[in-house]
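Student: run27.pdb is reproduced in full below (PDB, C-alpha atoms).
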ATOM      1  CA  SER A  95     -11.689  10.193  15.716
ATOM      2  CA  LEU A  96     -13.095   7.214  13.859
ATOM      3  CA  VAL A  97     -11.507   3.824  13.373
ATOM      4  CA  ALA A  98     -13.537   1.525  11.165
ATOM      5  CA  GLY A  99     -13.525  -2.154  11.974
ATOM      6  CA  TRP A 100     -13.991  -4.996   9.537
ATOM      7  CA  PRO A 101     -15.429  -8.465  10.078
ATOM      8  CA  PRO A 102     -12.744 -10.802  11.500
ATOM      9  CA  GLU A 103     -13.522 -13.427   8.849
ATOM     10  CA  GLY A 104     -12.456 -10.898   6.144
ATOM     11  CA  PRO A 105     -11.685  -9.916   3.566
ATOM     12  CA  VAL A 106     -10.808  -6.291   4.288
ATOM     13  CA  PRO A 107     -12.799  -4.267   1.731
ATOM     14  CA  ALA A 108     -10.584  -2.531  -0.847
ATOM     15  CA  TYR A 109      -7.484  -3.180   1.330
ATOM     16  CA  SER A 110      -8.794  -0.401   3.600
ATOM     17  CA  GLY A 111      -6.145   0.724   6.075
ATOM     18  CA  THR A 112      -3.803  -2.191   5.460
ATOM     19  CA  LEU A 113      -0.049  -2.363   5.058
ATOM     20  CA  LEU A 114       1.147  -3.676   1.710
ATOM     21  CA  ALA A 115       4.298  -5.815   1.560
ATOM     22  CA  PRO A 116       6.505  -7.343   0.186
ATOM     23  CA  TRP A 117       5.229  -5.466  -2.861
ATOM     24  CA  PRO A 118       2.867  -2.497  -2.668
ATOM     25  CA  ASN A 119       1.303  -2.220  -6.095
ATOM     26  CA  ARG A 120       0.557  -4.686  -8.857
ATOM     27  CA  ILE A 121       2.834  -7.201 -10.528
ATOM     28  CA  GLY A 122       1.602  -7.628 -14.093
ATOM     29  CA  GLY A 123       0.763 -11.233 -14.863
ATOM     30  CA  GLY A 124       2.202 -12.116 -11.454
ATOM     31  CA  ARG A 125       5.650 -12.431 -13.045
ATOM     32  CA  TYR A 126       8.847 -10.698 -12.028
ATOM     33  CA  THR A 127      12.556 -11.377 -12.337
ATOM     34  CA  PHE A 128      14.887 -11.038  -9.381
ATOM     35  CA  GLY A 129      18.515 -12.142  -9.232
ATOM     36  CA  GLY A 130      18.256 -13.577 -12.734
ATOM     37  CA  VAL A 131      15.369 -15.885 -11.758
ATOM     38  CA  THR A 132      11.816 -15.392 -13.027
ATOM     39  CA  HIS A 133       9.168 -15.926 -10.347
ATOM     40  CA  ARG A 134       5.439 -16.495 -10.870
ATOM     41  CA  LEU A 135       2.957 -15.360  -8.221
ATOM     42  CA  THR A 136      -0.671 -16.417  -8.217
ATOM     43  CA  PRO A 137      -2.712 -13.465  -9.508
ATOM     44  CA  ASN A 138      -5.257 -12.288  -6.946
ATOM     45  CA  GLU A 139      -6.647  -9.515  -9.132
ATOM     46  CA  GLU A 140      -8.009 -12.026 -11.582
ATOM     47  CA  ALA A 141      -9.858  -9.644 -13.916
ATOM     48  CA  ARG A 142      -6.567  -7.901 -14.736
ATOM     49  CA  GLY A 143      -4.264 -10.893 -14.200
ATOM     50  CA  ASN A 144      -2.142  -9.076 -11.617
ATOM     51  CA  ALA A 145      -0.662 -10.068  -8.278
ATOM     52  CA  LEU A 146      -1.992  -7.255  -6.115
ATOM     53  CA  HIS A 147      -0.683  -5.635  -2.917
ATOM     54  CA  GLY A 148       1.665  -8.272  -1.519
ATOM     55  CA  LEU A 149       1.151 -11.028   0.996
ATOM     56  CA  VAL A 150       0.283  -9.385   4.319
ATOM     57  CA  ALA A 151      -2.803  -7.203   3.831
ATOM     58  CA  GLY A 152      -5.205  -9.881   4.995
ATOM     59  CA  VAL A 153      -3.141 -11.629   7.659
ATOM     60  CA  ARG A 154      -3.352 -11.307  11.424
ATOM     61  CA  TRP A 155      -0.297  -9.659  12.903
ATOM     62  CA  SER A 156       0.890 -10.764  16.349
ATOM     63  CA  PRO A 157       0.985  -8.187  19.138
ATOM     64  CA  ALA A 158       4.516  -7.799  20.494
ATOM     65  CA  GLU A 159       3.950  -4.778  22.742
ATOM     66  CA  ILE A 160       0.891  -2.777  23.718
ATOM     67  CA  GLY A 161       1.120   0.552  25.516
ATOM     68  CA  PRO A 162      -1.261   3.400  26.303
ATOM     69  CA  SER A 163      -0.404   5.231  23.067
ATOM     70  CA  HIS A 164       1.260   2.608  20.903
ATOM     71  CA  VAL A 165       1.101  -0.925  19.635
ATOM     72  CA  ARG A 166       3.910  -2.961  18.084
ATOM     73  CA  LEU A 167       2.928  -5.879  15.854
ATOM     74  CA  THR A 168       4.975  -8.522  14.038
ATOM     75  CA  HIS A 169       4.427 -10.889  11.150
ATOM     76  CA  THR A 170       6.752 -13.298   9.367
ATOM     77  CA  VAL A 171       6.405 -13.671   5.610
ATOM     78  CA  THR A 172       7.278 -17.282   4.852
ATOM     79  CA  PRO A 173       8.062 -18.720   1.408
ATOM     80  CA  VAL A 174       5.102 -19.226  -0.928
ATOM     81  CA  PRO A 175       5.004 -20.073  -4.639
ATOM     82  CA  GLY A 176       6.404 -17.058  -6.444
ATOM     83  CA  TYR A 177       7.952 -15.495  -3.315
ATOM     84  CA  PRO A 178      10.468 -18.005  -1.892
ATOM     85  CA  PHE A 179      11.843 -15.594   0.712
ATOM     86  CA  THR A 180      11.518 -15.068   4.478
ATOM     87  CA  LEU A 181      11.007 -11.628   6.002
ATOM     88  CA  VAL A 182      10.211 -10.592   9.561
ATOM     89  CA  LEU A 183       8.027  -7.486   9.521
ATOM     90  CA  ARG A 184       7.526  -5.211  12.505
ATOM     91  CA  VAL A 185       5.097  -2.319  12.619
ATOM     92  CA  LEU A 186       4.817   0.344  15.304
ATOM     93  CA  HIS A 187       1.653   2.470  15.465
ATOM     94  CA  HIS A 188       2.167   5.444  17.785
ATOM     95  CA  LEU A 189      -0.555   7.957  18.589
ATOM     96  CA  THR A 190       0.378  11.439  19.845
ATOM     97  CA  PRO A 191      -1.560  14.716  20.046
ATOM     98  CA  GLY A 192       0.040  15.512  16.663
ATOM     99  CA  GLY A 193      -1.380  12.446  14.935
ATOM    100  CA  LEU A 194      -0.696   8.816  14.173
ATOM    101  CA  THR A 195       2.747   7.661  13.068
ATOM    102  CA  THR A 196       3.253   4.221  11.565
ATOM    103  CA  THR A 197       6.736   2.773  11.147
ATOM    104  CA  LEU A 198       7.238  -0.492   9.272
ATOM    105  CA  THR A 199      10.577  -2.321   9.274
ATOM    106  CA  ALA A 200      11.567  -5.499   7.490
ATOM    107  CA  GLU A 201      14.363  -7.947   8.231
ATOM    108  CA  ASN A 202      15.421 -10.528   5.675
ATOM    109  CA  THR A 203      16.050 -13.675   7.725
ATOM    110  CA  GLY A 204      16.524 -15.918   4.707
ATOM    111  CA  GLU A 205      19.699 -17.212   3.143
ATOM    112  CA  ARG A 206      19.638 -14.914   0.091
ATOM    113  CA  ALA A 207      18.685 -11.424  -1.000
ATOM    114  CA  ALA A 208      14.946 -10.801  -1.288
ATOM    115  CA  PRO A 209      12.966  -8.233  -3.280
ATOM    116  CA  TYR A 210      10.963  -5.942  -1.035
ATOM    117  CA  GLY A 211       8.703  -2.933  -1.220
ATOM    118  CA  CYS A 212       6.035  -1.615   1.118
ATOM    119  CA  ALA A 213       3.356   1.015   1.377
ATOM    120  CA  PRO A 214       0.473   1.996   3.591
ATOM    121  CA  HIS A 215      -2.974   1.778   2.032
ATOM    122  CA  PRO A 216      -4.831   4.405   4.064
ATOM    123  CA  TRP A 217      -8.570   4.571   3.905
ATOM    124  CA  LEU A 218      -9.954   7.933   4.840
ATOM    125  CA  LEU A 219     -13.621   8.093   5.754
ATOM    126  CA  ALA A 220     -14.698  11.517   4.622
ATOM    127  CA  GLY A 221     -18.447  11.220   4.346
ATOM    128  CA  GLU A 222     -20.713  11.131   1.349
ATOM    129  CA  ASP A 223     -20.143  14.468  -0.408
ATOM    130  CA  VAL A 224     -16.401  14.919  -0.882
ATOM    131  CA  GLU A 225     -16.486  17.056  -4.051
ATOM    132  CA  GLU A 226     -16.120  20.267  -2.054
ATOM    133  CA  TYR A 227     -13.334  18.915   0.160
ATOM    134  CA  GLU A 228     -10.022  20.583  -0.542
ATOM    135  CA  LEU A 229      -6.776  18.745  -1.167
ATOM    136  CA  LEU A 230      -3.161  19.898  -1.070
ATOM    137  CA  VAL A 231      -0.465  17.588  -2.485
ATOM    138  CA  PRO A 232       2.825  19.445  -3.042
ATOM    139  CA  ALA A 233       4.010  17.042  -5.759
ATOM    140  CA  ASP A 234       5.360  17.904  -9.203
ATOM    141  CA  ARG A 235       4.769  14.488 -10.813
ATOM    142  CA  VAL A 236       2.120  11.785 -10.816
ATOM    143  CA  LEU A 237       2.386   8.167 -11.938
ATOM    144  CA  LEU A 238      -0.452   7.342 -14.309
ATOM    145  CA  PRO A 239      -1.584   3.731 -14.726
ATOM    146  CA  ASP A 240      -2.369   1.794 -17.887
ATOM    147  CA  GLU A 241      -5.627  -0.092 -18.516
ATOM    148  CA  ARG A 242      -4.505  -2.915 -16.157
ATOM    149  CA  MET A 243      -3.720  -0.326 -13.437
ATOM    150  CA  LEU A 244       0.010  -0.981 -13.804
ATOM    151  CA  PRO A 245       2.357   2.017 -13.531
ATOM    152  CA  ALA A 246       2.730   3.367 -17.058
ATOM    153  CA  ALA A 247       3.808   7.006 -17.271
ATOM    154  CA  LEU A 248       5.399   9.436 -14.845
ATOM    155  CA  VAL A 249       4.137  12.863 -15.911
ATOM    156  CA  ASP A 250       4.232  16.456 -14.742
ATOM    157  CA  VAL A 251       1.033  17.258 -12.828
ATOM    158  CA  SER A 252       0.577  20.502 -14.806
ATOM    159  CA  GLY A 253      -2.479  20.236 -16.994
ATOM    160  CA  THR A 254      -3.711  17.003 -15.359
ATOM    161  CA  PRO A 255      -6.642  16.636 -12.970
ATOM    162  CA  TYR A 256      -4.015  15.737 -10.304
ATOM    163  CA  ASP A 257      -2.376  19.155  -9.944
ATOM    164  CA  PHE A 258      -3.041  19.852  -6.264
ATOM    165  CA  ARG A 259       0.122  21.896  -5.623
ATOM    166  CA  GLU A 260      -2.285  24.616  -4.533
ATOM    167  CA  GLN A 261      -5.172  23.697  -2.274
ATOM    168  CA  LEU A 262      -8.179  22.991  -4.508
ATOM    169  CA  PRO A 263     -11.577  21.307  -4.243
ATOM    170  CA  LEU A 264     -11.557  17.649  -5.269
ATOM    171  CA  GLY A 265     -14.526  18.109  -7.536
ATOM    172  CA  GLY A 266     -15.184  14.848  -9.350
ATOM    173  CA  THR A 267     -11.515  13.801  -9.355
ATOM    174  CA  ALA A 268     -10.859  10.308  -8.019
ATOM    175  CA  VAL A 269      -7.370  10.197  -6.514
ATOM    176  CA  GLY A 270      -5.681   6.825  -6.148
ATOM    177  CA  HIS A 271      -2.338   7.651  -7.695
ATOM    178  CA  THR A 272       1.319   7.727  -6.719
ATOM    179  CA  PHE A 273       2.776  11.227  -6.437
ATOM    180  CA  THR A 274       6.446  12.198  -6.368
ATOM    181  CA  GLY A 275       8.631  15.265  -6.696
ATOM    182  CA  LEU A 276       7.536  16.479  -3.276
TER     183      LEU A 276
END
The structure in this file should be written as structure tokens.
Tutor:
Amino acid sequence: SLVAGWPPEGPVPAYSGTLLAPWPNRIGGGRYTFGGVTHRLTPNEEARGNALHGLVAGVRWSPAEIGPSHVRLTHTVTPVPGYPFTLVLRVLHHLTPGGLTTTLTAENTGERAAPYGCAPHPWLLAGEDVEEYELLVPADRVLLPDERMLPAALVDVSGTPYDFREQLPLGGTAVGHTFTGL
């Protein structure tokens, strides 16, 4: 098995292997409305003007428990401009002969409701020539992005380059999409 390390001074290249929270994708223009209040985040994907991948991808998590086959880490999201909420995040990475399981939980410790979403951002190191690698994704729909990489259209995978309901070679298809209808 291979676990790639990154320089401690950062940043993590392409969010490789990070957890994304309290939002996992892009917020167009850094603006969103929650509870009737419009919030403005500082865009960190400047070329597209988006707030990208939340607030925790580049932070150091604190170890809470370390065992022979698991590690539990914590991090508290504190209020920042555009996200005036407090969340305590806990992640458990557990390695078994069957693979690695990651469980992320969030607790709102603030005084009011908070918007929240999360996602893993896995980074698979597959070598140089991946065109002949085969992929199986039993999903009926794929979320296609617009020119700013914001979610734009949920479509049936039939007739798209993203129909991997049967195991097929990747070919020249770049896959960085959200799939659903599993």
Student: Rounded to one decimal in Å, what is the spacing between CA of Val236 (chain A) and CA of Ser252 (chain A)?
Tutor: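 Answer for the CA of Val236 (chain A) to CA of Ser252 (chain A) separation: 9.7 Å.
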Student: Kindly resolve the PyMOL selection byres ((chain A and resi 233) around 8) on the present coordinates and return the residues as a PyMOL selection string.
Tutor: chain A and resi 231-232+234-236+251+257-259+273-276
Student: Residues picked by the PyMOL selection byres ((chain A and resi 267) around 9) here, as a count of residues only?
Tutor: 8
Student: Could you tell me how far CA of Ser163 (chain A) sits from CA of Leu189 (chain A), in Å to one decimal place?
Tutor: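 Rounded to one decimal, the two atoms are 5.2 Å apart.
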Student: Using all atoms listed in the file, which of the listed residues (A:Ala141, A:Val224, A:Ala115, A:Leu135) sits closest to Arg184 (chain A)?
Tutor: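 Using all atoms listed in the file, the shortest distance to Arg184 (chain A) belongs to A:Ala115.
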Student: Per residue of region 169-239 of chain A within 9 Å of region 121-132 of chain A, which atom pair is closest and at what distance in Å (one decimal), using only C-alpha atoms, listed by chain and increasing number, as JSON lines?
Tutor:
{"residue": "A:Gly176", "atom": "CA", "partner": "A:Arg125", "partner_atom": "CA", "distance": 8.1}
{"residue": "A:Ala207", "atom": "CA", "partner": "A:Gly129", "partner_atom": "CA", "distance": 8.3}
{"residue": "A:Ala208", "atom": "CA", "partner": "A:Phe128", "partner_atom": "CA", "distance": 8.1}
{"residue": "A:Pro209", "atom": "CA", "partner": "A:Phe128", "partner_atom": "CA", "distance": 7.0}
Student: Name every residue that the PyMOL selection byres ((chain A and resi 148) around 8) selects in this structure, writing the answer as a VMD selection string with chains first and numbers rising.
Tutor: chain A and resid 114 to 119 145 to 147 149 to 151
Student: Using only C-alpha atoms, can you tell me which of A:Pro214, A:Pro175, A:Gly193, A:Gly253 comes closest to Pro137 (chain A)?
Tutor: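 Checking each candidate against Pro137 (chain A), we get A:Pro175 as the closest.
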Student: Between A:Thr136, A:Gln261, A:Thr272, A:Thr203, single out the one closest to Leu237 (chain A), counting only C-alpha atoms.
Tutor: A:Thr272
Student: If you measure from CA of His169 (chain A) to CA of Pro157 (chain A), what distance in Å do you get, rounded to one decimal?
Tutor: 9.1 Å
Student: Hey, which of A:Pro239, A:Pro216, A:Gly111, A:Pro162 ends up closest to Thr190 (chain A)? Count all atoms listed in the file.
Tutor: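 Of A:Pro239, A:Pro216, A:Gly111, A:Pro162, the one nearest Thr190 (chain A) is A:Pro162, counting all atoms listed in the file.
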Student: For Pro102 (chain A), find every residue with an atom within 12 Å (counting all atoms listed in the file), except residues of its own chain fewer than 3 positions away, and show them as a PyMOL selection string.
Tutor: chain A and resi 99+105-107+152-154
Student: At a cut-off of 7 Å around the point (-8.6, 23.9, -2.6) (file coordinates), what residues fall inside when counting all atoms listed in the file? I'd like the answer as a PDB file with C-alpha atoms, in the frame of the given file.
Tutor:
ATOM      1  CA  GLU A 228     -10.022  20.583  -0.542  1.00  0.00           C
ATOM      2  CA  LEU A 229      -6.776  18.745  -1.167  1.00  0.00           C
ATOM      3  CA  LEU A 230      -3.161  19.898  -1.070  1.00  0.00           C
ATOM      4  CA  GLU A 260      -2.285  24.616  -4.533  1.00  0.00           C
ATOM      5  CA  GLN A 261      -5.172  23.697  -2.274  1.00  0.00           C
ATOM      6  CA  LEU A 262      -8.179  22.991  -4.508  1.00  0.00           C
ATOM      7  CA  PRO A 263     -11.577  21.307  -4.243  1.00  0.00           C
TER       8      PRO A 263
END
Student: Excluding same-chain residues fewer than 4 positions from Thr168 (chain A), what lies within 8 Å of it counting only C-alpha atoms, as a VMD selection string?
Tutor: chain A and resid 155 to 158 182 to 185
